[in-house]
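Asker: A single structure is presented below for examination.
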Amino acid sequence: MSRLIGNNYIAGGTVVKNTSTFTTNPSTTSANIMIVAGGGGGAGWHTGSGAGAGGLVFYKDTPLSGATGYAVVIGAGVAATGPSQLGPTDGASGQAGNPGSDSSFASLTTAVGGGGGGVGAGPATVGGS
């Protein structure tokens with residue numbers, strides 16, 4: 001099932017990023033650029049943990065050309081996951097959280113999405129810049 005949340009399409013639990021173009025004013029010569037990735041989703045049920053924040057990358061006084069389009073990818077944060085199909089009463093501890101999506105501006109370093117929350121004693125997930 002696919003659905004639209006804000007400008008982000010959710011398809012089968014996977015967040016599809018919003019991609020656009022940012023066009024500078026003709027007089028632009030530089031800008032401070034902050035890139036923030038989407039946060040991860042928490043895990044389900046009572047044994048789940050919180051998720052990681054999306055990464056952040058900052059560029060001060062970055063040279064840009066006036067009247068030029070730059071590719072922008074806005075990574076979405078992810079909602080917490082639900083329970084597993086087995087449920088909490090038969091020993092199932094829910095589902096691990098999904099990671100947030102990466103964000104980028106032109107060819108600058110990508111900010112990495114936050115890691116999803118872990119379940120019980122399961123392995124940690126990696127994320128964030």
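In the structure tokens, chains take the letters A, B, ... in the order shown, each chain's residues start at 1, and ligands count up from 1 in the order shown.
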Pick out the residues sitting within 10 Å of A:Ala106, and hand them over as a ChimeraX atom specification; count only C-alpha atoms, and ignore anything fewer than 4 positions along from it in its own chain.
Answerer: /A:21-22,69-73,110
Asker: Applying 10 Å and only C-alpha atoms, which residues near A:Leu56 remain after dropping the ones on its own chain fewer than 5 positions away? List them as a PDB file with N, CA, C and O atoms, in the first residue's frame.
Answerer:
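Final output, part.pdb:
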ATOM      1  N   MET A  34      22.881  24.187   5.510  1.00  0.00           N
ATOM      2  CA  MET A  34      22.721  23.167   6.541  1.00  0.00           C
ATOM      3  C   MET A  34      21.859  22.047   5.955  1.00  0.00           C
ATOM      4  O   MET A  34      20.761  22.293   5.460  1.00  0.00           O
ATOM      5  N   ILE A  35      22.380  20.823   6.017  1.00  0.00           N
ATOM      6  CA  ILE A  35      21.689  19.649   5.481  1.00  0.00           C
ATOM      7  C   ILE A  35      21.315  18.763   6.669  1.00  0.00           C
ATOM      8  O   ILE A  35      22.185  18.365   7.451  1.00  0.00           O
ATOM      9  N   VAL A  36      20.026  18.472   6.808  1.00  0.00           N
ATOM     10  CA  VAL A  36      19.539  17.649   7.919  1.00  0.00           C
ATOM     11  C   VAL A  36      18.814  16.436   7.358  1.00  0.00           C
ATOM     12  O   VAL A  36      17.904  16.573   6.543  1.00  0.00           O
ATOM     13  N   ALA A  37      19.211  15.258   7.799  1.00  0.00           N
ATOM     14  CA  ALA A  37      18.580  14.015   7.351  1.00  0.00           C
ATOM     15  C   ALA A  37      17.396  13.671   8.238  1.00  0.00           C
ATOM     16  O   ALA A  37      17.250  14.195   9.340  1.00  0.00           O
ATOM     17  N   GLY A  38      16.563  12.755   7.761  1.00  0.00           N
ATOM     18  CA  GLY A  38      15.400  12.311   8.530  1.00  0.00           C
ATOM     19  C   GLY A  38      15.796  11.410   9.687  1.00  0.00           C
ATOM     20  O   GLY A  38      16.760  10.652   9.613  1.00  0.00           O
ATOM     21  N   SER A 103      19.707  13.061   3.315  1.00  0.00           N
ATOM     22  CA  SER A 103      19.449  14.348   2.654  1.00  0.00           C
ATOM     23  C   SER A 103      20.732  14.834   2.006  1.00  0.00           C
ATOM     24  O   SER A 103      21.827  14.536   2.480  1.00  0.00           O
ATOM     25  N   THR A 110      26.627  14.063   1.926  1.00  0.00           N
ATOM     26  CA  THR A 110      25.263  13.683   2.290  1.00  0.00           C
ATOM     27  C   THR A 110      25.132  13.547   3.800  1.00  0.00           C
ATOM     28  O   THR A 110      25.985  12.978   4.460  1.00  0.00           O
ATOM     29  N   ALA A 111      24.024  14.075   4.354  1.00  0.00           N
ATOM     30  CA  ALA A 111      23.681  13.841   5.756  1.00  0.00           C
ATOM     31  C   ALA A 111      22.955  12.502   5.817  1.00  0.00           C
ATOM     32  O   ALA A 111      22.004  12.266   5.074  1.00  0.00           O
ATOM     33  N   VAL A 112      23.399  11.620   6.708  1.00  0.00           N
ATOM     34  CA  VAL A 112      22.872  10.257   6.781  1.00  0.00           C
ATOM     35  C   VAL A 112      21.675  10.201   7.724  1.00  0.00           C
ATOM     36  O   VAL A 112      21.694  10.791   8.810  1.00  0.00           O
ATOM     37  N   GLY A 113      20.635   9.473   7.317  1.00  0.00           N
ATOM     38  CA  GLY A 113      19.434   9.314   8.135  1.00  0.00           C
ATOM     39  C   GLY A 113      19.718   8.593   9.434  1.00  0.00           C
ATOM     40  O   GLY A 113      20.645   7.790   9.534  1.00  0.00           O
ATOM     41  N   GLY A 128      22.934   8.389  11.116  1.00  0.00           N
ATOM     42  CA  GLY A 128      23.374   9.726  11.523  1.00  0.00           C
ATOM     43  C   GLY A 128      24.759  10.030  10.982  1.00  0.00           C
ATOM     44  O   GLY A 128      25.585   9.136  10.834  1.00  0.00           O
ATOM     45  N   SER A 129      24.989  11.296  10.665  1.00  0.00           N
ATOM     46  CA  SER A 129      26.288  11.699  10.094  1.00  0.00           C
ATOM     47  C   SER A 129      27.280  12.020  11.187  1.00  0.00           C
ATOM     48  O   SER A 129      26.945  12.574  12.199  1.00  0.00           O
TER      49      SER A 129
END
Asker: Would you work out the distance separating atom CA of A:Asp61 from atom CA of A:Leu108, expressed in Å to one decimal?
Answerer: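 These atoms are spaced 13.0 Å apart.
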Asker: At a cut-off of 8 Å, using only C-alpha atoms, what residues contact A:Gly39? Leave out same-chain residues fewer than 3 positions from it and give the result as a VMD selection string.
Answerer: chain A and resid 51 to 55 76 to 78 99 to 101 113 to 115
Asker: Atom CA of A:Thr109 and atom CA of A:Gly40, how far apart in Å?
Answerer: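 That distance, rounded to one decimal, is 19.4 Å.
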Asker: May I ask for the distance between atom CA of A:Thr68 and atom CA of A:Asp102, given in Å to one decimal place?
Answerer: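 A separation of 23.1 Å between them.
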